[in-house]
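Peer 1: Next comes work.pdb, PDB, C-alpha atoms and all ligand atoms:
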ATOM      1  CA  MET A  23     136.353  64.562  78.359
ATOM      2  CA  THR A  24     134.568  67.704  79.533
ATOM      3  CA  ASP A  25     136.345  70.052  81.939
ATOM      4  CA  THR A  26     133.611  71.231  84.284
ATOM      5  CA  GLY A  27     135.998  73.641  86.046
ATOM      6  CA  PRO A  28     136.024  74.517  89.743
ATOM      7  CA  PRO A  29     132.637  74.493  91.527
ATOM      8  CA  ARG A  30     130.779  77.805  91.687
ATOM      9  CA  LEU A  31     130.954  79.296  95.160
ATOM     10  CA  GLY A  32     128.076  80.978  96.959
ATOM     11  CA  PRO A  33     128.407  84.271  98.884
ATOM     12  CA  ASN A  34     129.197  82.219 101.979
ATOM     13  CA  GLY A  35     132.202  80.627 100.216
ATOM     14  CA  ARG A  36     130.567  77.203 100.020
ATOM     15  CA  PRO A  37     130.271  75.295  96.728
ATOM     16  CA  VAL A  38     126.828  75.740  95.208
ATOM     17  CA  ARG A  39     124.929  72.446  95.296
ATOM     18  CA  HIS A  40     121.568  71.826  93.682
ATOM     19  CA  PHE A  41     118.528  69.901  94.793
ATOM     20  CA  VAL A  42     118.543  66.245  93.752
ATOM     21  CA  MET A  43     115.382  64.171  94.094
ATOM     22  CA  PRO A  44     116.153  61.238  96.433
ATOM     23  CA  GLY A  45     115.959  57.766  94.911
ATOM     24  CA  SER A  46     114.264  56.117  97.887
ATOM     25  CA  LEU A  47     110.516  56.193  98.480
ATOM     26  CA  GLY A  48     111.073  57.529 101.996
ATOM     27  CA  GLY A  49     113.230  60.354 100.646
ATOM     28  CA  ARG A  50     110.663  61.247  98.007
ATOM     29  CA  LEU A  51     107.817  61.242 100.514
ATOM     30  CA  ARG A  52     109.858  63.632 102.637
ATOM     31  CA  VAL A  53     110.251  65.982  99.659
ATOM     32  CA  TRP A  54     106.541  65.670  98.843
ATOM     33  CA  ARG A  55     105.352  65.926 102.451
ATOM     34  CA  PHE A  56     103.800  69.386 102.264
ATOM     35  CA  ILE A  57     102.010  68.715  99.008
ATOM     36  CA  ILE A  58     100.599  65.514 100.537
ATOM     37  CA  TYR A  59      99.451  67.393 103.658
ATOM     38  CA  ARG A  60      97.960  70.192 101.520
ATOM     39  CA  ARG A  61      95.970  67.806  99.357
ATOM     40  CA  LEU A  62      94.715  65.976 102.441
ATOM     41  CA  VAL A  63      93.439  69.274 103.887
ATOM     42  CA  GLN A  64      91.943  70.505 100.588
ATOM     43  CA  VAL A  65      90.211  67.232  99.751
ATOM     44  CA  GLY A  66      89.331  66.540 103.388
ATOM     45  CA  LEU A  67      87.391  69.811 103.659
ATOM     46  CA  LEU A  68      85.503  69.048 100.451
ATOM     47  CA  VAL A  69      84.640  65.592 101.798
ATOM     48  CA  LEU A  70      83.371  67.122 105.059
ATOM     49  CA  PHE A  71      81.127  69.545 103.124
ATOM     50  CA  PHE A  72      79.949  66.719 100.833
ATOM     51  CA  GLY A  73      79.342  64.255 103.656
ATOM     52  CA  THR A  74      77.327  66.818 105.622
ATOM     53  CA  ALA A  75      75.245  67.893 102.601
ATOM     54  CA  HIS A  76      74.555  64.454 101.113
ATOM     55  CA  TRP A  77      74.954  61.904 103.895
ATOM     56  CA  GLY A  78      73.903  64.003 106.862
ATOM     57  CA  TRP A  79      77.208  63.682 108.724
ATOM     58  CA  ASN A  80      76.772  65.062 112.202
ATOM     59  CA  VAL A  81      78.160  64.974 115.726
ATOM     60  CA  PHE A  82      75.528  64.486 118.444
ATOM     61  CA  GLY A  83      72.891  65.587 115.940
ATOM     62  CA  ARG A  84      74.767  68.732 114.932
ATOM     63  CA  PRO A  85      75.704  69.063 111.218
ATOM     64  CA  LEU A  86      79.464  68.677 110.855
ATOM     65  CA  LEU A  87      80.283  71.306 108.227
ATOM     66  CA  GLN A  88      77.440  72.866 106.309
ATOM     67  CA  GLY A  89      77.360  75.656 103.749
ATOM     68  CA  ASN A  90      80.095  76.529 101.305
ATOM     69  CA  LEU A  91      83.486  78.240 101.173
ATOM     70  CA  SER A  92      81.837  81.693 101.259
ATOM     71  CA  ALA A  93      79.714  81.059 104.349
ATOM     72  CA  SER A  94      79.621  77.950 106.489
ATOM     73  CA  GLU A  95      78.941  76.683 109.972
ATOM     74  CA  VAL A  96      80.865  74.127 112.028
ATOM     75  CA  LEU A  97      78.706  71.850 114.212
ATOM     76  CA  GLY A  98      75.829  74.285 113.752
ATOM     77  CA  ILE A  99      77.535  76.657 116.204
ATOM     78  CA  ILE A 100      80.692  78.278 114.847
ATOM     79  CA  PRO A 101      80.001  80.597 111.890
ATOM     80  CA  MET A 102      82.639  81.158 109.212
ATOM     81  CA  ALA A 103      82.420  83.645 106.369
ATOM     82  CA  ASP A 104      84.767  84.745 103.603
ATOM     83  CA  PRO A 105      85.763  88.292 104.699
ATOM     84  CA  PHE A 106      86.306  89.439 101.102
ATOM     85  CA  ALA A 107      82.812  88.274 100.134
ATOM     86  CA  VAL A 108      81.376  89.999 103.217
ATOM     87  CA  LEU A 109      83.184  93.209 102.248
ATOM     88  CA  GLN A 110      81.755  93.095  98.720
ATOM     89  CA  ILE A 111      78.221  92.306  99.901
ATOM     90  CA  THR A 112      78.362  95.163 102.406
ATOM     91  CA  LEU A 113      79.661  97.595  99.790
ATOM     92  CA  GLY A 114      76.809  96.388  97.582
ATOM     93  CA  GLY A 115      74.412  97.801 100.160
ATOM     94  CA  VAL A 116      73.265  94.623 101.912
ATOM     95  CA  VAL A 117      73.011  94.746 105.707
ATOM     96  CA  LEU A 118      74.364  91.475 107.072
ATOM     97  CA  ASN A 119      73.408  89.946 110.380
ATOM     98  CA  PRO A 120      75.913  89.923 113.280
ATOM     99  CA  GLU A 121      76.504  86.187 112.906
ATOM    100  CA  VAL A 122      77.977  86.712 109.436
ATOM    101  CA  TRP A 123      80.251  89.459 110.755
ATOM    102  CA  LEU A 124      81.361  87.152 113.553
ATOM    103  CA  GLY A 125      82.073  84.446 110.954
ATOM    104  CA  ALA A 126      84.145  86.889 108.880
ATOM    105  CA  ALA A 127      86.061  88.016 111.983
ATOM    106  CA  ILE A 128      86.850  84.390 112.899
ATOM    107  CA  VAL A 129      88.188  83.630 109.407
ATOM    108  CA  LEU A 130      90.116  86.907 109.205
ATOM    109  CA  GLY A 131      91.676  86.280 112.620
ATOM    110  CA  ALA A 132      92.635  82.711 111.735
ATOM    111  CA  TYR A 133      94.351  83.654 108.470
ATOM    112  CA  GLY A 134      95.901  86.695 110.146
ATOM    113  CA  LEU A 135      97.664  84.218 112.436
ATOM    114  CA  ILE A 136      98.586  81.378 110.084
ATOM    115  CA  GLY A 137      99.261  83.460 106.946
ATOM    116  CA  GLY A 138      96.622  84.972 104.658
ATOM    117  CA  ARG A 139      97.515  82.981 101.600
ATOM    118  CA  THR A 140      97.673  79.774 103.569
ATOM    119  CA  TRP A 141      94.068  79.765 102.364
ATOM    120  CA  CYS A 142      95.383  79.567  98.781
ATOM    121  CA  ALA A 143      97.842  76.709  99.213
ATOM    122  CA  TRP A 144      95.971  74.673 101.804
ATOM    123  CA  VAL A 145      92.218  75.231 101.317
ATOM    124  CA  CYS A 146      91.150  76.779  97.987
ATOM    125  CA  PRO A 147      90.074  74.042  95.510
ATOM    126  CA  ILE A 148      91.255  76.111  92.524
ATOM    127  CA  ASN A 149      94.799  75.648  93.811
ATOM    128  CA  MET A 150      94.613  71.982  92.777
ATOM    129  CA  VAL A 151      93.679  73.071  89.241
ATOM    130  CA  THR A 152      96.431  75.681  88.944
ATOM    131  CA  ASP A 153      99.048  73.391  90.523
ATOM    132  CA  GLY A 154      97.993  70.778  87.951
ATOM    133  CA  ALA A 155      98.439  73.291  85.124
ATOM    134  CA  ALA A 156     101.900  74.249  86.433
ATOM    135  CA  TRP A 157     102.881  70.574  86.629
ATOM    136  CA  LEU A 158     101.696  69.962  83.055
ATOM    137  CA  ARG A 159     103.549  73.077  81.900
ATOM    138  CA  ARG A 160     106.830  71.772  83.288
ATOM    139  CA  ARG A 161     106.285  68.377  81.633
ATOM    140  CA  LEU A 162     105.358  69.877  78.261
ATOM    141  CA  GLY A 163     107.878  72.753  78.341
ATOM    142  CA  VAL A 164     105.249  75.402  77.531
ATOM    143  CA  SER A 165     106.416  79.052  77.379
ATOM    144  CA  ASP A 166     104.449  82.160  78.354
ATOM    145  CA  ILE A 167     102.625  84.001  75.585
ATOM    146  CA  PHE A 168     102.820  87.338  77.405
ATOM    147  CA  HIS A 169     103.765  88.829  80.746
ATOM    148  CA  VAL A 170     101.737  91.030  83.050
ATOM    149  CA  SER A 171     102.584  92.471  86.447
ATOM    150  CA  ARG A 172     101.737  90.370  89.478
ATOM    151  CA  ASN A 173     100.355  93.587  90.980
ATOM    152  CA  LEU A 174      97.498  93.409  88.470
ATOM    153  CA  ARG A 175      95.588  91.337  91.055
ATOM    154  CA  TYR A 176      95.417  94.371  93.360
ATOM    155  CA  SER A 177      93.764  96.361  90.558
ATOM    156  CA  VAL A 178      91.274  93.493  90.101
ATOM    157  CA  LEU A 179      90.675  93.609  93.871
ATOM    158  CA  VAL A 180      89.889  97.341  93.782
ATOM    159  CA  LEU A 181      87.765  96.883  90.652
ATOM    160  CA  SER A 182      85.751  94.140  92.397
ATOM    161  CA  LEU A 183      85.015  96.487  95.295
ATOM    162  CA  VAL A 184      84.137  99.449  93.051
ATOM    163  CA  LEU A 185      81.838  97.293  90.896
ATOM    164  CA  SER A 186      80.170  95.943  94.044
ATOM    165  CA  VAL A 187      79.285  99.518  95.020
ATOM    166  CA  LEU A 188      78.123 100.463  91.507
ATOM    167  CA  MET A 189      76.152  97.280  90.790
ATOM    168  CA  GLY A 190      74.791  96.630  94.264
ATOM    169  CA  VAL A 191      75.970  92.994  94.212
ATOM    170  CA  ALA A 192      79.117  91.174  95.326
ATOM    171  CA  ALA A 193      80.853  91.553  91.960
ATOM    172  CA  PHE A 194      83.597  88.932  92.217
ATOM    173  CA  GLU A 195      81.323  86.408  93.921
ATOM    174  CA  TRP A 196      79.184  86.395  90.788
ATOM    175  CA  ILE A 197      81.991  85.047  88.649
ATOM    176  CA  SER A 198      84.288  83.504  91.269
ATOM    177  CA  PRO A 199      85.753  80.244  89.916
ATOM    178  CA  ILE A 200      86.342  79.202  93.525
ATOM    179  CA  ALA A 201      82.626  79.260  94.329
ATOM    180  CA  ILE A 202      81.828  77.697  90.941
ATOM    181  CA  LEU A 203      84.233  74.775  91.435
ATOM    182  CA  HIS A 204      83.069  74.220  94.996
ATOM    183  CA  ARG A 205      79.447  74.133  93.814
ATOM    184  CA  GLU A 206      80.268  71.720  91.010
ATOM    185  CA  LEU A 207      82.161  69.367  93.315
ATOM    186  CA  LEU A 208      79.364  69.358  95.869
ATOM    187  CA  TYR A 209      76.243  69.454  93.756
ATOM    188  CA  GLY A 210      77.107  67.967  90.393
ATOM    189  CA  ILE A 211      78.411  68.572  86.927
ATOM    190  CA  GLY A 212      77.223  71.706  85.150
ATOM    191  CA  MET A 213      78.505  74.541  83.003
ATOM    192  CA  GLY A 214      80.753  75.729  85.832
ATOM    193  CA  TRP A 215      83.395  73.280  84.613
ATOM    194  CA  VAL A 216      83.857  75.563  81.596
ATOM    195  CA  ALA A 217      85.173  78.325  83.889
ATOM    196  CA  VAL A 218      87.491  75.887  85.663
ATOM    197  CA  LEU A 219      88.732  74.495  82.335
ATOM    198  CA  GLY A 220      89.320  78.089  81.198
ATOM    199  CA  ILE A 221      91.616  78.712  84.183
ATOM    200  CA  LEU A 222      93.471  75.448  83.549
ATOM    201  CA  LEU A 223      94.064  76.347  79.892
ATOM    202  CA  PHE A 224      94.991  79.947  80.719
ATOM    203  CA  ASP A 225      97.617  78.807  83.218
ATOM    204  CA  LEU A 226      98.810  76.014  80.941
ATOM    205  CA  LEU A 227      98.996  77.786  77.605
ATOM    206  CA  VAL A 228      99.069  81.537  78.223
ATOM    207  CA  LEU A 229     100.767  82.574  81.468
ATOM    208  CA  ARG A 230     102.587  80.579  84.169
ATOM    209  CA  HIS A 231     100.624  80.859  87.426
ATOM    210  CA  GLY A 232      98.407  83.235  85.459
ATOM    211  CA  TRP A 233      95.224  83.151  87.542
ATOM    212  CA  CYS A 234      96.468  82.733  91.130
ATOM    213  CA  GLY A 235      99.723  84.641  90.663
ATOM    214  CA  HIS A 236      98.449  87.581  88.630
ATOM    215  CA  LEU A 237      94.662  88.000  88.601
ATOM    216  CA  CYS A 238      92.725  86.506  91.505
ATOM    217  CA  PRO A 239      91.398  89.284  93.787
ATOM    218  CA  LEU A 240      90.797  86.875  96.677
ATOM    219  CA  GLY A 241      94.471  85.873  96.578
ATOM    220  CA  ALA A 242      95.327  89.600  96.585
ATOM    221  CA  PHE A 243      93.032  90.184  99.568
ATOM    222  CA  TYR A 244      94.655  87.385 101.543
ATOM    223  CA  ALA A 245      98.121  88.653 100.544
ATOM    224  CA  LEU A 246      97.267  91.920 102.346
ATOM    225  CA  VAL A 247      96.021  89.964 105.378
ATOM    226  CA  GLY A 248      99.182  87.814 105.310
ATOM    227  CA  ARG A 249     101.570  90.717 105.889
ATOM    228  CA  VAL A 250     101.066  90.460 109.636
ATOM    229  CA  ALA A 251     100.918  86.668 109.828
ATOM    230  CA  LEU A 252     102.722  84.776 112.559
ATOM    231  CA  VAL A 253     103.551  81.596 110.631
ATOM    232  CA  ARG A 254     106.486  82.385 108.331
ATOM    233  CA  VAL A 255     109.217  80.684 106.352
ATOM    234  CA  ALA A 256     112.387  81.479 108.320
ATOM    235  CA  PHE A 257     115.649  82.095 106.424
ATOM    236  CA  ASP A 258     119.134  81.164 107.673
ATOM    237  CA  THR A 259     121.416  83.598 105.831
ATOM    238  CA  PRO A 260     124.864  81.994 106.368
ATOM    239  CA  THR A 261     123.859  78.632 104.922
ATOM    240  CA  CYS A 262     122.323  79.994 101.690
ATOM    241  CA  THR A 263     124.507  79.564  98.588
ATOM    242  CA  HIS A 264     122.073  81.427  96.290
ATOM    243  CA  CYS A 265     121.594  78.287  94.197
ATOM    244  CA  GLY A 266     118.113  79.515  93.175
ATOM    245  CA  ASP A 267     116.372  76.155  93.554
ATOM    246  CA  CYS A 268     113.760  77.605  95.940
ATOM    247  CA  ALA A 269     112.692  80.299  93.463
ATOM    248  CA  ARG A 270     112.506  77.746  90.639
ATOM    249  CA  VAL A 271     109.754  75.778  92.404
ATOM    250  CA  CYS A 272     107.932  78.702  94.056
ATOM    251  CA  PRO A 273     104.568  79.737  92.529
ATOM    252  CA  GLU A 274     105.273  83.289  93.803
ATOM    253  CA  PRO A 275     109.059  83.516  93.225
ATOM    254  CA  GLN A 276     109.164  87.283  93.844
ATOM    255  CA  VAL A 277     108.707  86.551  97.571
ATOM    256  CA  LEU A 278     112.104  84.801  97.628
ATOM    257  CA  ASN A 279     114.030  88.050  97.481
ATOM    258  CA  LEU A 280     117.114  86.764  99.294
ATOM    259  CA  ARG A 281     118.396  90.195 100.340
ATOM    260  CA  GLN A 282     115.065  91.043 101.973
ATOM    261  CA  ALA A 283     114.846  87.558 103.477
ATOM    262  CA  SER A 284     118.325  88.023 104.919
ATOM    263  CA  GLU A 285     117.391  91.344 106.503
ATOM    264  CA  ALA A 286     114.118  90.064 107.936
ATOM    265  CA  GLY A 287     115.329  86.561 108.824
ATOM    266  CA  MET A 288     112.254  85.232 107.036
ATOM    267  CA  ILE A 289     110.117  85.461 103.924
ATOM    268  CA  ALA A 290     108.105  88.488 105.001
ATOM    269  CA  SER A 291     105.934  89.030 101.901
ATOM    270  CA  GLY A 292     102.198  88.515 102.325
ATOM    271  CA  GLU A 293     102.185  86.952  98.858
ATOM    272  CA  CYS A 294     103.921  83.829 100.220
ATOM    273  CA  THR A 295     101.321  81.041 100.256
ATOM    274  CA  ASN A 296     103.101  78.943 102.912
ATOM    275  CA  CYS A 297     102.997  75.999 100.490
ATOM    276  CA  GLY A 298     106.377  74.755 101.775
ATOM    277  CA  ARG A 299     107.802  73.837  98.355
ATOM    278  CA  CYS A 300     110.967  75.918  98.880
ATOM    279  CA  ILE A 301     111.629  74.245 102.224
ATOM    280  CA  THR A 302     111.706  70.755 100.775
ATOM    281  CA  VAL A 303     113.980  71.503  97.797
ATOM    282  CA  CYS A 304     116.604  73.634  99.560
ATOM    283  CA  PRO A 305     119.800  71.539  99.557
ATOM    284  CA  GLU A 306     121.191  73.518 102.524
ATOM    285  CA  ASP A 307     118.126  73.394 104.838
ATOM    286  CA  THR A 308     118.178  77.189 104.843
ATOM    287  CA  LEU A 309     114.387  77.486 105.031
ATOM    288  CA  ALA A 310     111.917  76.218 107.648
ATOM    289  CA  PHE A 311     108.473  77.081 108.981
ATOM    290  CA  ALA A 312     108.645  79.087 112.204
ATOM    291  CA  LEU A 313     106.588  81.495 114.276
ATOM    292  CA  ARG A 314     107.454  85.158 113.718
ATOM    293  CA  PRO A 315     108.110  85.981 117.419
ATOM    294  CA  ARG A 316     110.629  83.135 117.522
ATOM    295  CA  ILE A 317     112.674  84.466 114.599
ATOM    296  CA  ASP A 318     115.529  86.864 115.344
ATOM    297  CA  ALA A 319     116.384  89.330 112.606
ATOM    298  CA  PRO A 320     119.322  91.516 113.694
ATOM    299  CA  ALA A 321     120.126  94.459 111.415
ATOM    300  CA  GLY A 322     122.799  93.917 108.774
ATOM    301  CA  GLY A 323     121.334  90.818 107.213
ATOM    302  CA  THR A 324     124.015  88.453 108.388
ATOM    303  CA  ASN A 325     122.051  86.655 111.023
ATOM    304  CA  HIS A 326     121.724  82.968 111.514
ATOM    305  CA  ARG A 327     118.125  81.889 111.531
ATOM    306  CA  GLN A 328     117.475  81.975 115.266
ATOM    307  CA  VAL A 329     114.379  80.008 116.052
ATOM    308  CA  HIS A 330     113.874  79.946 119.797
ATOM    309  CA  THR A 331     112.825  76.608 121.125
TER
HETATM  310  S1  LIG B   1      94.879  82.978  94.231
HETATM  311 FE1  LIG B   1      92.612  82.828  94.245
HETATM  312  S2  LIG B   1      92.070  80.973  93.111
HETATM  313 FE2  LIG B   1      94.281  80.901  93.550
HETATM  314  S3  LIG B   1      94.415  79.682  95.404
HETATM  315 FE3  LIG B   1      94.316  81.847  96.085
HETATM  316  S4  LIG B   1      92.130  82.307  96.347
HETATM  317 FE4  LIG B   1      92.267  80.357  95.232
HETATM  318  S1  LIG B   2     117.424  79.221 100.271
HETATM  319 FE1  LIG B   2     117.099  78.961  98.070
HETATM  320  S2  LIG B   2     118.904  79.894  97.114
HETATM  321 FE2  LIG B   2     119.419  79.547  99.291
HETATM  322  S3  LIG B   2     120.429  77.525  99.332
HETATM  323 FE3  LIG B   2     118.238  77.179  99.745
HETATM  324  S4  LIG B   2     117.334  76.753  97.728
HETATM  325 FE4  LIG B   2     119.357  77.678  97.352
END
Spell out the structure here as structure tokens.
Ligand code: SF4
Ligand code: SF4
Peer 2:
Amino acid sequence: MTDTGPPRLGPNGRPVRHFVMPGSLGGRLRVWRFIIYRRLVQVGLLVLFFGTAHWGWNVFGRPLLQGNLSASEVLGIIPMADPFAVLQITLGGVVLNPEVWLGAAIVLGAYGLIGGRTWCAWVCPINMVTDGAAWLRRRLGVSDIFHVSRNLRYSVLVLSLVLSVLMGVAAFEWISPIAILHRELLYGIGMGWVAVLGILLFDLLVLRHGWCGHLCPLGAFYALVGRVALVRVAFDTPTCTHCGDCARVCPEPQVLNLRQASEAGMIASGECTNCGRCITVCPEDTLAFALRPRIDAPAGGTNHRQVHT
């Protein structure tokens, strides 16, 4: 007989419990709800682009969603442009028309409200590849070959901008796996799959969350945008037992700094992708999506998560 001893207690004096996957289908669907919603959004957008390009989907004669993830138009009226691509192109010396600037402002404003890296978890098609690599990694028990700082992506961001100035082209756009994958999915199989396979293998065999978590300059750009975002993961300090389950599933575990979360009443880091994984595995319901103005964060870090209704 094994003596398991008394239960470990969290800082709030409660026994530390761990996440257990429910046995029922309903329970599992509840745990998987955000990943289901995210895939519906990611795939749905690709289908809208595909349907408009190949089947002429339109509303009252206006093309539904035409273009690509760098520059697109909704119903032939509302422009949307990737602000990071626009920044690179401008630094490369190209004068863009006002419509593109308006499109970039719309996208920047939207992600400034809902969280910069919401783009990563909910829209970017590469996220499905890197999530797949992370899933395979867990199944196969693969270890990292080396470690690099997650801040490396900010150096890649600066390098992309400097190279854009020096080369007179949008440097990252040239090699962006996001644009490559989007092109491949919309217009057919080509050599671009090699780049996507490279990212899958890098994340699977070399470094956990290697591309999105350490290198991608677009993710870094949106992390800067996300610092001011309104949609946040709120944190209820007194219920947290520091079990660590949230950090174990998070693709950006450094954002789950519980001391900082306690002080702010929320996950304040712009690097949070708002994927919602932590929310669904927390056995104490400590975490929940909320709007920043509705979260109280009194000094001292002992606040309950106050979400005004
Ligand atoms: S980090 Fe880059 S590749 Fe990964 S999801 Fe974000 S934008 Fe896409
Ligand atoms: S917030 Fe994280 S550490 Fe705290 S109880 Fe929930 S899963 Fe555990």
Peer 1: Assuming the chain letters and numbering stay as they are in my file, what does the PyMOL selection byres (((chain A and resi 138) around 6) and not hetatm) actually select? List them as an MDAnalysis selection string.
Peer 2: chainID A and resid 133:134 137 139:140 244:245 247:248
Peer 1: I'd like the residues picked by the PyMOL selection byres (((chain A and resi 196-211) around 10) and not hetatm) written out as a compact mmCIF listing (two decimals) with C-alpha atoms, keeping the file's coordinate frame, using the chain letters and numbers from the file.
Peer 2:
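Writing the result to expr-v2.txt gives the following:
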# COMPACT_ATOMS: atom_id res chain seq x y z
CA LEU A 68 85.50 69.05 100.45
CA VAL A 69 84.64 65.59 101.80
CA PHE A 71 81.13 69.54 103.12
CA PHE A 72 79.95 66.72 100.83
CA GLY A 73 79.34 64.26 103.66
CA ALA A 75 75.24 67.89 102.60
CA HIS A 76 74.56 64.45 101.11
CA ASN A 90 80.10 76.53 101.30
CA LEU A 91 83.49 78.24 101.17
CA SER A 92 81.84 81.69 101.26
CA CYS A 146 91.15 76.78 97.99
CA PRO A 147 90.07 74.04 95.51
CA ILE A 148 91.26 76.11 92.52
CA ASN A 149 94.80 75.65 93.81
CA VAL A 151 93.68 73.07 89.24
CA VAL A 191 75.97 92.99 94.21
CA ALA A 192 79.12 91.17 95.33
CA ALA A 193 80.85 91.55 91.96
CA PHE A 194 83.60 88.93 92.22
CA GLU A 195 81.32 86.41 93.92
CA GLY A 212 77.22 71.71 85.15
CA MET A 213 78.50 74.54 83.00
CA GLY A 214 80.75 75.73 85.83
CA TRP A 215 83.40 73.28 84.61
CA VAL A 216 83.86 75.56 81.60
CA ALA A 217 85.17 78.32 83.89
CA VAL A 218 87.49 75.89 85.66
CA LEU A 219 88.73 74.50 82.34
CA GLY A 220 89.32 78.09 81.20
CA ILE A 221 91.62 78.71 84.18
CA CYS A 238 92.72 86.51 91.50
CA PRO A 239 91.40 89.28 93.79
CA LEU A 240 90.80 86.88 96.68
Peer 1: Hey, which residues sit close to ligand LIG 2 (chain B)? Say within 12 Å, counting only C-alpha atoms and all ligand atoms, and write them as a ChimeraX atom specification.
Peer 2: /A:31-34,36-42,255-272,275,277-281,283-284,287-289,298-310,327
Peer 1: Could you write out the selected residues, including C-alpha atoms, as a PDB file, in the frame of the given file?
Peer 2:
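result_33.pdb was written with the following content:
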ATOM      1  CA  LEU A  31     130.954  79.296  95.160  1.00  0.00           C
ATOM      2  CA  GLY A  32     128.076  80.978  96.959  1.00  0.00           C
ATOM      3  CA  PRO A  33     128.407  84.271  98.884  1.00  0.00           C
ATOM      4  CA  ASN A  34     129.197  82.219 101.979  1.00  0.00           C
ATOM      5  CA  ARG A  36     130.567  77.203 100.020  1.00  0.00           C
ATOM      6  CA  PRO A  37     130.271  75.295  96.728  1.00  0.00           C
ATOM      7  CA  VAL A  38     126.828  75.740  95.208  1.00  0.00           C
ATOM      8  CA  ARG A  39     124.929  72.446  95.296  1.00  0.00           C
ATOM      9  CA  HIS A  40     121.568  71.826  93.682  1.00  0.00           C
ATOM     10  CA  PHE A  41     118.528  69.901  94.793  1.00  0.00           C
ATOM     11  CA  VAL A  42     118.543  66.245  93.752  1.00  0.00           C
ATOM     12  CA  VAL A 255     109.217  80.684 106.352  1.00  0.00           C
ATOM     13  CA  ALA A 256     112.387  81.479 108.320  1.00  0.00           C
ATOM     14  CA  PHE A 257     115.649  82.095 106.424  1.00  0.00           C
ATOM     15  CA  ASP A 258     119.134  81.164 107.673  1.00  0.00           C
ATOM     16  CA  THR A 259     121.416  83.598 105.831  1.00  0.00           C
ATOM     17  CA  PRO A 260     124.864  81.994 106.368  1.00  0.00           C
ATOM     18  CA  THR A 261     123.859  78.632 104.922  1.00  0.00           C
ATOM     19  CA  CYS A 262     122.323  79.994 101.690  1.00  0.00           C
ATOM     20  CA  THR A 263     124.507  79.564  98.588  1.00  0.00           C
ATOM     21  CA  HIS A 264     122.073  81.427  96.290  1.00  0.00           C
ATOM     22  CA  CYS A 265     121.594  78.287  94.197  1.00  0.00           C
ATOM     23  CA  GLY A 266     118.113  79.515  93.175  1.00  0.00           C
ATOM     24  CA  ASP A 267     116.372  76.155  93.554  1.00  0.00           C
ATOM     25  CA  CYS A 268     113.760  77.605  95.940  1.00  0.00           C
ATOM     26  CA  ALA A 269     112.692  80.299  93.463  1.00  0.00           C
ATOM     27  CA  ARG A 270     112.506  77.746  90.639  1.00  0.00           C
ATOM     28  CA  VAL A 271     109.754  75.778  92.404  1.00  0.00           C
ATOM     29  CA  CYS A 272     107.932  78.702  94.056  1.00  0.00           C
ATOM     30  CA  PRO A 275     109.059  83.516  93.225  1.00  0.00           C
ATOM     31  CA  VAL A 277     108.707  86.551  97.571  1.00  0.00           C
ATOM     32  CA  LEU A 278     112.104  84.801  97.628  1.00  0.00           C
ATOM     33  CA  ASN A 279     114.030  88.050  97.481  1.00  0.00           C
ATOM     34  CA  LEU A 280     117.114  86.764  99.294  1.00  0.00           C
ATOM     35  CA  ARG A 281     118.396  90.195 100.340  1.00  0.00           C
ATOM     36  CA  ALA A 283     114.846  87.558 103.477  1.00  0.00           C
ATOM     37  CA  SER A 284     118.325  88.023 104.919  1.00  0.00           C
ATOM     38  CA  GLY A 287     115.329  86.561 108.824  1.00  0.00           C
ATOM     39  CA  MET A 288     112.254  85.232 107.036  1.00  0.00           C
ATOM     40  CA  ILE A 289     110.117  85.461 103.924  1.00  0.00           C
ATOM     41  CA  GLY A 298     106.377  74.755 101.775  1.00  0.00           C
ATOM     42  CA  ARG A 299     107.802  73.837  98.355  1.00  0.00           C
ATOM     43  CA  CYS A 300     110.967  75.918  98.880  1.00  0.00           C
ATOM     44  CA  ILE A 301     111.629  74.245 102.224  1.00  0.00           C
ATOM     45  CA  THR A 302     111.706  70.755 100.775  1.00  0.00           C
ATOM     46  CA  VAL A 303     113.980  71.503  97.797  1.00  0.00           C
ATOM     47  CA  CYS A 304     116.604  73.634  99.560  1.00  0.00           C
ATOM     48  CA  PRO A 305     119.800  71.539  99.557  1.00  0.00           C
ATOM     49  CA  GLU A 306     121.191  73.518 102.524  1.00  0.00           C
ATOM     50  CA  ASP A 307     118.126  73.394 104.838  1.00  0.00           C
ATOM     51  CA  THR A 308     118.178  77.189 104.843  1.00  0.00           C
ATOM     52  CA  LEU A 309     114.387  77.486 105.031  1.00  0.00           C
ATOM     53  CA  ALA A 310     111.917  76.218 107.648  1.00  0.00           C
ATOM     54  CA  ARG A 327     118.125  81.889 111.531  1.00  0.00           C
TER      55      ARG A 327
END
Peer 1: Could you work out an axis-aligned box for ligand LIG 1 (chain B), taking every atom the file lists and adding 8 Å on each side, and report centre and edge lengths in Å to one decimal, as JSON?
Peer 2:
{"center_x": 93.5, "center_y": 81.3, "center_z": 94.7, "size_x": 18.8, "size_y": 19.3, "size_z": 19.2}
Peer 1: Of the candidates A:Ala143, A:Val178, A:Leu313, A:Ile167, which shows the shortest atom-to-atom distance to ligand LIG 1 (chain B), using only C-alpha atoms and all ligand atoms?
Peer 2: A:Ala143
Peer 1: My list of candidates is A:Gly45, A:Cys294, A:Trp54, A:Leu183. Which is closest to Phe311 in chain A when distances are computed with all atoms listed in the file?
Peer 2: A:Cys294
Peer 1: Expand the PyMOL selection byres (((chain A and resi 226-234) around 6) and not hetatm) into the individual residues it matches in the shown file, reporting them as a list of chain:residue names.
Peer 2: A:Ala155, A:Arg159, A:Asp166, A:Ile167, A:Leu222, A:Leu223, A:Phe224, A:Asp225, A:Gly235, A:His236, A:Leu237, A:Cys238
Peer 1: Which protein, DNA or RNA residues have an atom at most 12 Å from (79.6, 81.1, 111.2), counting all atoms listed in the file? List them as a PyMOL selection string.
Peer 2: chain A and resi 87-105+119-129
